[in-house]
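Quick look at query_39.pdb (PDB, C-alpha atoms):
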ATOM      1  CA  MET A 133      42.504  52.599 -32.719
ATOM      2  CA  ASN A 134      44.886  52.309 -29.779
ATOM      3  CA  ASP A 135      44.042  55.324 -27.629
ATOM      4  CA  LEU A 136      44.528  55.264 -23.880
ATOM      5  CA  ILE A 137      41.473  54.298 -21.810
ATOM      6  CA  SER A 138      41.189  55.607 -18.250
ATOM      7  CA  ILE A 139      39.232  53.282 -15.949
ATOM      8  CA  VAL A 140      37.382  54.793 -12.993
ATOM      9  CA  THR A 141      36.702  52.543  -9.986
ATOM     10  CA  PRO A 142      35.402  53.786  -6.624
ATOM     11  CA  CYS A 143      35.718  51.391  -3.702
ATOM     12  CA  TYR A 144      34.372  51.209  -0.170
ATOM     13  CA  ASN A 145      34.747  48.118   2.002
ATOM     14  CA  ASP A 146      34.772  45.755  -0.960
ATOM     15  CA  GLU A 147      37.656  43.494   0.045
ATOM     16  CA  LYS A 148      35.577  40.515  -1.078
ATOM     17  CA  TYR A 149      35.232  41.768  -4.674
ATOM     18  CA  ILE A 150      37.822  44.421  -5.572
ATOM     19  CA  GLY A 151      40.508  41.891  -6.472
ATOM     20  CA  GLU A 152      38.213  40.192  -8.971
ATOM     21  CA  ALA A 153      37.315  43.545 -10.541
ATOM     22  CA  ILE A 154      41.001  44.470 -10.957
ATOM     23  CA  GLU A 155      41.848  41.011 -12.295
ATOM     24  CA  SER A 156      39.192  41.470 -14.976
ATOM     25  CA  VAL A 157      40.964  44.659 -16.092
ATOM     26  CA  LEU A 158      44.361  42.951 -16.151
ATOM     27  CA  ALA A 159      42.837  40.217 -18.340
ATOM     28  CA  GLN A 160      41.660  42.662 -21.022
ATOM     29  CA  SER A 161      42.715  41.889 -24.584
ATOM     30  CA  TYR A 162      42.982  45.675 -25.076
ATOM     31  CA  GLN A 163      45.980  46.642 -22.953
ATOM     32  CA  ASN A 164      46.407  50.403 -23.417
ATOM     33  CA  TRP A 165      44.668  51.454 -20.205
ATOM     34  CA  GLU A 166      45.236  53.066 -16.850
ATOM     35  CA  MET A 167      43.109  52.349 -13.787
ATOM     36  CA  PHE A 168      42.311  54.734 -10.934
ATOM     37  CA  VAL A 169      40.934  53.015  -7.855
ATOM     38  CA  VAL A 170      39.665  55.603  -5.382
ATOM     39  CA  ASP A 171      39.166  54.166  -1.908
ATOM     40  CA  ASP A 172      36.520  56.051   0.083
ATOM     41  CA  CYS A 173      38.358  55.469   3.395
ATOM     42  CA  SER A 174      37.533  51.764   3.644
ATOM     43  CA  THR A 175      37.760  50.162   7.093
ATOM     44  CA  ASP A 176      38.390  46.633   5.808
ATOM     45  CA  ASN A 177      41.385  45.310   3.834
ATOM     46  CA  SER A 178      40.402  46.947   0.530
ATOM     47  CA  ALA A 179      43.326  49.415   0.624
ATOM     48  CA  GLU A 180      45.895  46.666   1.158
ATOM     49  CA  ILE A 181      44.464  44.615  -1.702
ATOM     50  CA  ILE A 182      44.440  47.585  -4.083
ATOM     51  CA  ARG A 183      47.990  48.600  -3.154
ATOM     52  CA  SER A 184      49.217  45.069  -3.765
ATOM     53  CA  TYR A 185      47.979  45.327  -7.350
ATOM     54  CA  CYS A 186      49.572  48.774  -7.735
ATOM     55  CA  GLU A 187      52.912  47.218  -6.834
ATOM     56  CA  LYS A 188      52.470  44.564  -9.514
ATOM     57  CA  ASP A 189      51.334  46.882 -12.323
ATOM     58  CA  ASN A 190      52.048  50.618 -12.455
ATOM     59  CA  ARG A 191      48.997  51.211 -14.643
ATOM     60  CA  ILE A 192      46.893  50.728 -11.497
ATOM     61  CA  ARG A 193      46.876  53.717  -9.158
ATOM     62  CA  TYR A 194      45.463  54.095  -5.658
ATOM     63  CA  PHE A 195      43.896  57.274  -4.308
ATOM     64  CA  LYS A 196      42.038  58.107  -1.135
ATOM     65  CA  PRO A 197      40.086  61.267  -0.212
ATOM     66  CA  ASP A 198      40.881  63.048   3.035
ATOM     67  CA  PHE A 199      37.591  61.937   4.571
ATOM     68  CA  PRO A 200      34.881  59.386   3.722
ATOM     69  CA  THR A 201      32.359  60.892   1.300
ATOM     70  CA  GLY A 202      29.697  58.217   1.649
ATOM     71  CA  SER A 203      28.993  58.280  -2.084
ATOM     72  CA  PRO A 204      30.741  57.053  -5.252
ATOM     73  CA  VAL A 205      30.345  60.492  -6.884
ATOM     74  CA  ILE A 206      33.365  62.266  -5.384
ATOM     75  CA  PRO A 207      35.691  59.244  -5.767
ATOM     76  CA  ARG A 208      34.676  58.908  -9.412
ATOM     77  CA  ASN A 209      35.232  62.619 -10.031
ATOM     78  CA  ILE A 210      38.672  62.406  -8.415
ATOM     79  CA  ALA A 211      39.550  59.683 -10.901
ATOM     80  CA  ILE A 212      38.088  61.582 -13.868
ATOM     81  CA  GLU A 213      40.156  64.642 -12.931
ATOM     82  CA  LYS A 214      43.357  62.566 -12.919
ATOM     83  CA  ALA A 215      42.509  60.644 -16.084
ATOM     84  CA  ASN A 216      44.916  60.983 -19.001
ATOM     85  CA  GLY A 217      43.035  58.860 -21.535
ATOM     86  CA  ARG A 218      40.917  59.869 -24.485
ATOM     87  CA  PHE A 219      38.274  57.460 -23.256
ATOM     88  CA  ILE A 220      36.849  57.166 -19.752
ATOM     89  CA  ALA A 221      35.355  53.879 -18.626
ATOM     90  CA  PHE A 222      33.586  53.014 -15.392
ATOM     91  CA  LEU A 223      33.928  49.791 -13.431
ATOM     92  CA  ASP A 224      32.280  49.382 -10.047
ATOM     93  CA  SER A 225      34.351  47.549  -7.474
ATOM     94  CA  ASP A 226      31.977  44.580  -7.279
ATOM     95  CA  ASP A 227      31.438  44.091 -11.018
ATOM     96  CA  VAL A 228      33.513  42.095 -13.499
ATOM     97  CA  TRP A 229      34.438  42.674 -17.144
ATOM     98  CA  PHE A 230      34.847  39.931 -19.714
ATOM     99  CA  PRO A 231      38.300  39.986 -21.405
ATOM    100  CA  THR A 232      37.012  41.419 -24.711
ATOM    101  CA  LYS A 233      35.048  44.306 -23.162
ATOM    102  CA  LEU A 234      37.364  47.205 -24.031
ATOM    103  CA  GLU A 235      38.449  45.723 -27.364
ATOM    104  CA  GLU A 236      34.884  45.346 -28.591
ATOM    105  CA  GLN A 237      33.831  48.797 -27.402
ATOM    106  CA  ILE A 238      36.751  50.798 -28.763
ATOM    107  CA  LYS A 239      35.922  49.659 -32.309
ATOM    108  CA  LEU A 240      32.651  51.594 -32.372
ATOM    109  CA  PHE A 241      33.961  55.131 -31.894
ATOM    110  CA  SER A 242      35.107  55.710 -35.490
ATOM    111  CA  ASP A 243      32.110  57.824 -36.553
ATOM    112  CA  GLU A 244      31.531  61.382 -35.389
ATOM    113  CA  LYS A 245      28.110  60.733 -33.810
ATOM    114  CA  THR A 246      29.099  58.049 -31.315
ATOM    115  CA  ALA A 247      30.225  59.479 -27.966
ATOM    116  CA  ILE A 248      29.292  56.536 -25.711
ATOM    117  CA  VAL A 249      29.698  52.802 -26.224
ATOM    118  CA  PHE A 250      28.199  50.225 -23.899
ATOM    119  CA  SER A 251      27.404  46.511 -23.781
ATOM    120  CA  ASN A 252      24.846  44.042 -22.552
ATOM    121  CA  HIS A 253      25.319  42.542 -19.109
ATOM    122  CA  GLU A 254      24.634  39.393 -17.161
ATOM    123  CA  LYS A 255      23.358  39.477 -13.605
ATOM    124  CA  ILE A 256      25.130  37.454 -10.929
ATOM    125  CA  ASN A 257      24.206  37.073  -7.292
ATOM    126  CA  GLU A 258      26.213  38.356  -4.344
ATOM    127  CA  ASP A 259      28.384  35.228  -4.345
ATOM    128  CA  GLY A 260      29.074  35.472  -8.074
ATOM    129  CA  LYS A 261      26.805  32.650  -9.167
ATOM    130  CA  ARG A 262      25.503  32.895 -12.732
ATOM    131  CA  LYS A 263      21.999  31.801 -13.795
ATOM    132  CA  ASN A 264      21.989  33.069 -17.380
ATOM    133  CA  ARG A 265      20.140  36.270 -16.410
ATOM    134  CA  VAL A 266      21.260  38.275 -19.429
ATOM    135  CA  VAL A 267      19.910  41.790 -19.977
ATOM    136  CA  ILE A 268      19.857  42.854 -23.636
ATOM    137  CA  ALA A 269      19.911  46.610 -24.214
ATOM    138  CA  PRO A 270      18.948  48.488 -27.410
ATOM    139  CA  LYS A 271      21.477  48.649 -30.236
ATOM    140  CA  ILE A 272      21.386  52.475 -30.292
ATOM    141  CA  ALA A 273      20.499  54.888 -27.501
ATOM    142  CA  THR A 274      19.668  58.525 -28.183
ATOM    143  CA  TYR A 275      18.809  61.175 -25.610
ATOM    144  CA  LYS A 276      15.056  60.599 -26.039
ATOM    145  CA  ARG A 277      15.465  56.818 -25.970
ATOM    146  CA  LEU A 278      17.538  56.926 -22.802
ATOM    147  CA  LEU A 279      14.939  59.072 -21.057
ATOM    148  CA  LYS A 280      12.547  56.114 -21.286
ATOM    149  CA  GLU A 281      15.041  53.704 -19.735
ATOM    150  CA  ASN A 282      18.584  53.953 -18.448
ATOM    151  CA  CYS A 283      19.816  51.059 -20.561
ATOM    152  CA  ILE A 284      23.508  51.848 -19.959
ATOM    153  CA  ARG A 285      24.741  50.024 -16.872
ATOM    154  CA  ASN A 286      27.436  52.069 -15.135
ATOM    155  CA  SER A 287      30.148  49.400 -15.481
ATOM    156  CA  ALA A 288      29.243  49.013 -19.152
ATOM    157  CA  GLY A 289      29.722  52.610 -20.266
ATOM    158  CA  LEU A 290      32.703  54.221 -21.983
ATOM    159  CA  TYR A 291      32.746  57.811 -23.300
ATOM    160  CA  ASP A 292      34.957  59.816 -25.641
ATOM    161  CA  THR A 293      36.493  62.976 -24.152
ATOM    162  CA  LYS A 294      37.804  64.036 -27.565
ATOM    163  CA  LYS A 295      34.211  64.594 -28.673
ATOM    164  CA  VAL A 296      32.555  65.824 -25.466
ATOM    165  CA  GLY A 297      35.394  66.808 -23.131
ATOM    166  CA  LYS A 298      35.660  65.522 -19.581
ATOM    167  CA  ILE A 299      32.189  65.209 -18.107
ATOM    168  CA  TYR A 300      32.007  65.001 -14.323
ATOM    169  CA  LEU A 301      29.292  63.386 -12.252
ATOM    170  CA  GLN A 302      26.732  65.523 -10.498
ATOM    171  CA  ASN A 303      26.212  64.900  -6.788
ATOM    172  CA  ILE A 304      22.780  63.377  -7.279
ATOM    173  CA  ASN A 305      21.243  59.918  -7.041
ATOM    174  CA  TYR A 306      21.470  58.028 -10.353
ATOM    175  CA  GLU A 307      24.493  60.132 -11.218
ATOM    176  CA  ASP A 308      25.522  57.800 -14.050
ATOM    177  CA  PHE A 309      22.109  58.208 -15.718
ATOM    178  CA  VAL A 310      22.477  62.001 -15.525
ATOM    179  CA  LEU A 311      25.978  61.741 -17.030
ATOM    180  CA  TRP A 312      24.787  59.727 -20.032
ATOM    181  CA  LEU A 313      21.868  62.120 -20.570
ATOM    182  CA  GLU A 314      24.178  65.135 -20.435
ATOM    183  CA  ILE A 315      26.343  63.663 -23.187
ATOM    184  CA  LEU A 316      23.512  62.486 -25.439
ATOM    185  CA  LYS A 317      21.652  65.780 -25.072
ATOM    186  CA  LYS A 318      24.449  67.318 -27.150
ATOM    187  CA  GLY A 319      23.190  65.327 -30.147
ATOM    188  CA  TYR A 320      25.481  62.295 -29.881
ATOM    189  CA  ILE A 321      24.418  58.661 -29.782
ATOM    190  CA  ALA A 322      25.407  55.665 -27.680
ATOM    191  CA  GLN A 323      26.131  52.358 -29.417
ATOM    192  CA  ASN A 324      25.815  48.871 -27.982
ATOM    193  CA  THR A 325      28.402  46.236 -28.908
ATOM    194  CA  ASN A 326      25.493  43.756 -28.951
ATOM    195  CA  SER A 327      27.579  41.410 -26.840
ATOM    196  CA  VAL A 328      27.580  40.528 -23.148
ATOM    197  CA  GLU A 329      30.751  42.017 -21.674
ATOM    198  CA  ILE A 330      29.913  42.619 -17.987
ATOM    199  CA  LEU A 331      28.918  40.591 -14.957
ATOM    200  CA  TYR A 332      26.743  42.836 -12.803
ATOM    201  CA  ARG A 333      26.537  41.806  -9.171
ATOM    202  CA  ILE A 334      23.144  42.015  -7.447
ATOM    203  CA  ARG A 335      23.747  42.591  -3.742
ATOM    204  CA  LYS A 336      21.315  42.272  -0.872
ATOM    205  CA  ASN A 337      19.942  45.557   0.442
ATOM    206  CA  SER A 338      21.517  47.516  -2.415
ATOM    207  CA  ILE A 339      20.046  51.021  -2.479
ATOM    208  CA  SER A 340      20.581  51.346  -6.234
ATOM    209  CA  ASP A 341      18.490  48.196  -6.836
ATOM    210  CA  ASN A 342      15.633  49.311  -4.619
ATOM    211  CA  LYS A 343      12.857  49.798  -7.165
ATOM    212  CA  THR A 344      10.970  52.383  -5.129
ATOM    213  CA  GLN A 345      14.086  54.471  -4.571
ATOM    214  CA  ALA A 346      15.054  54.133  -8.227
ATOM    215  CA  ALA A 347      11.623  55.387  -9.295
ATOM    216  CA  LYS A 348      11.892  58.411  -6.976
ATOM    217  CA  TRP A 349      15.366  59.238  -8.277
ATOM    218  CA  THR A 350      14.226  58.939 -11.885
ATOM    219  CA  TRP A 351      11.239  61.218 -11.293
ATOM    220  CA  ASN A 352      13.557  63.756  -9.637
ATOM    221  CA  ILE A 353      15.807  63.715 -12.702
ATOM    222  CA  TYR A 354      12.900  64.431 -15.043
ATOM    223  CA  ARG A 355      11.569  67.250 -12.911
ATOM    224  CA  ASN A 356      14.654  68.884 -11.358
ATOM    225  CA  VAL A 357      17.576  68.016 -13.641
ATOM    226  CA  GLU A 358      15.964  67.937 -17.079
ATOM    227  CA  LYS A 359      13.364  70.522 -15.944
ATOM    228  CA  PHE A 360      10.460  68.789 -17.674
ATOM    229  CA  GLY A 361       6.874  69.847 -17.054
ATOM    230  CA  ILE A 362       4.489  67.501 -15.293
ATOM    231  CA  PHE A 363       2.959  65.919 -18.417
ATOM    232  CA  LYS A 364       6.272  65.353 -20.188
ATOM    233  CA  SER A 365       7.686  63.902 -16.951
ATOM    234  CA  LEU A 366       4.699  61.560 -16.660
ATOM    235  CA  TYR A 367       5.148  60.381 -20.257
ATOM    236  CA  TYR A 368       8.763  59.375 -19.707
ATOM    237  CA  PHE A 369       8.127  58.066 -16.202
ATOM    238  CA  LEU A 370       5.410  55.684 -17.401
ATOM    239  CA  ASN A 371       7.756  54.415 -20.106
ATOM    240  CA  TYR A 372      10.450  53.979 -17.458
ATOM    241  CA  CYS A 373       8.119  52.004 -15.151
ATOM    242  CA  VAL A 374       7.089  49.570 -17.894
ATOM    243  CA  ARG A 375      10.671  48.923 -18.993
ATOM    244  CA  ALA A 376      11.935  48.669 -15.421
ATOM    245  CA  GLY A 377       9.272  46.070 -14.683
ATOM    246  CA  LEU A 378      10.239  43.976 -17.692
ATOM    247  CA  LYS A 379      13.928  44.212 -16.776
ATOM    248  CA  TYR A 380      13.196  43.156 -13.189
ATOM    249  CA  LEU A 381      11.685  39.911 -14.437
ATOM    250  CA  LYS A 382      14.975  38.892 -16.061
TER     251      LYS A 382
END
What do you get writing this file as structure tokens?
Amino acid sequence: MNDLISIVTPCYNDEKYIGEAIESVLAQSYQNWEMFVVDDCSTDNSAEIIRSYCEKDNRIRYFKPDFPTGSPVIPRNIAIEKANGRFIAFLDSDDVWFPTKLEEQIKLFSDEKTAIVFSNHEKINEDGKRKNRVVIAPKIATYKRLLKENCIRNSAGLYDTKKVGKIYLQNINYEDFVLWLEILKKGYIAQNTNSVEILYRIRKNSISDNKTQAAKWTWNIYRNVEKFGIFKSLYYFLNYCVRAGLKYLK
């Protein structure tokens, strides 16, 4: 399989990390890709860094909305709209892929049931230091399994538009979780490569890693996106809390 992969990367004031993220794409063993970096009106040198890579490789493209959106949702949707590839992958501007990431993932789309492929990840601190904090996700994720735990890290996921069409992100907290659920609800599965292919950066004061906020967002998804009743929401929420606690210890 040698289909084009479109890589979606939002960026805001990440001059310290965006170069490393792009370098990890350039280092991929699978080379049939295009990368859309959407700069949410950064006020640092992010734009200059991104443009310098665009000049070196025409597969990398720079876009900027007319005004700062304050959220990665609109930048990601801009990139999805412009994407030409069969597959759409997500890479946050402060995360890093290992060189085999795309190659290992693309292999698993041959059956009709698999619409998402993801990988395990390793946590690094804000300065990029590694302490062997590897998070192992399930081999297979179904809709019901994912409801108990969002085991697909955003920078780990890749989905097949040939099977499900282009799926855009909803303007909601935990938008990536909602995206994966929307795809799997159609009856598809997500497969894990069973390998560590991503370095996930833990940053100080990150809203997405605030456990209280994450719990509130997850509850909102059960109740207002999936439209579950109170008891069904409680069942999945309790499962989520247990798994989130175990993951936090890693």
Translate the PyMOL selection byres ((chain A and resi 234) around 12), as applied to the file shown, into an explicit residue set as a ChimeraX atom specification. /A:133-139,156-165,219-223,229-233,235-241,249-251,287-291,325,327-330
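One distance worth recording is that between atom CA of Ala322 of chain A and atom CA of Tyr275 of chain A, which is 8.8 Å.
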Residues matched by the PyMOL selection byres ((chain A and resi 306-318) around 10), written as a PyMOL selection string: chain A and resi 204-205+222+245-248+273-279+281-287+289-292+295-297+299-305+319-322+340+346+349-350+352-354+357-358
Answer key for the PyMOL selection byres ((chain A and resi 180) around 12), residues as a compact mmCIF listing (two decimals) with C-alpha atoms, in the frame of the given file:
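Once written, expr-v7.txt looks like this:
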# COMPACT_ATOMS: atom_id res chain seq x y z
CA ASN A 145 34.75 48.12 2.00
CA ASP A 146 34.77 45.76 -0.96
CA GLU A 147 37.66 43.49 0.04
CA ILE A 150 37.82 44.42 -5.57
CA GLY A 151 40.51 41.89 -6.47
CA ASP A 171 39.17 54.17 -1.91
CA CYS A 173 38.36 55.47 3.40
CA SER A 174 37.53 51.76 3.64
CA THR A 175 37.76 50.16 7.09
CA ASP A 176 38.39 46.63 5.81
CA ASN A 177 41.38 45.31 3.83
CA SER A 178 40.40 46.95 0.53
CA ALA A 179 43.33 49.42 0.62
CA ILE A 181 44.46 44.62 -1.70
CA ILE A 182 44.44 47.58 -4.08
CA ARG A 183 47.99 48.60 -3.15
CA SER A 184 49.22 45.07 -3.76
CA TYR A 185 47.98 45.33 -7.35
CA CYS A 186 49.57 48.77 -7.74
CA GLU A 187 52.91 47.22 -6.83
CA TYR A 194 45.46 54.10 -5.66
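Going from atom CA of Ala215 of chain A to atom CA of Lys298 of chain A covers 9.1 Å.
Distance-wise, atom CA of Ala211 of chain A and atom CA of Ile192 of chain A end up 11.6 Å apart.
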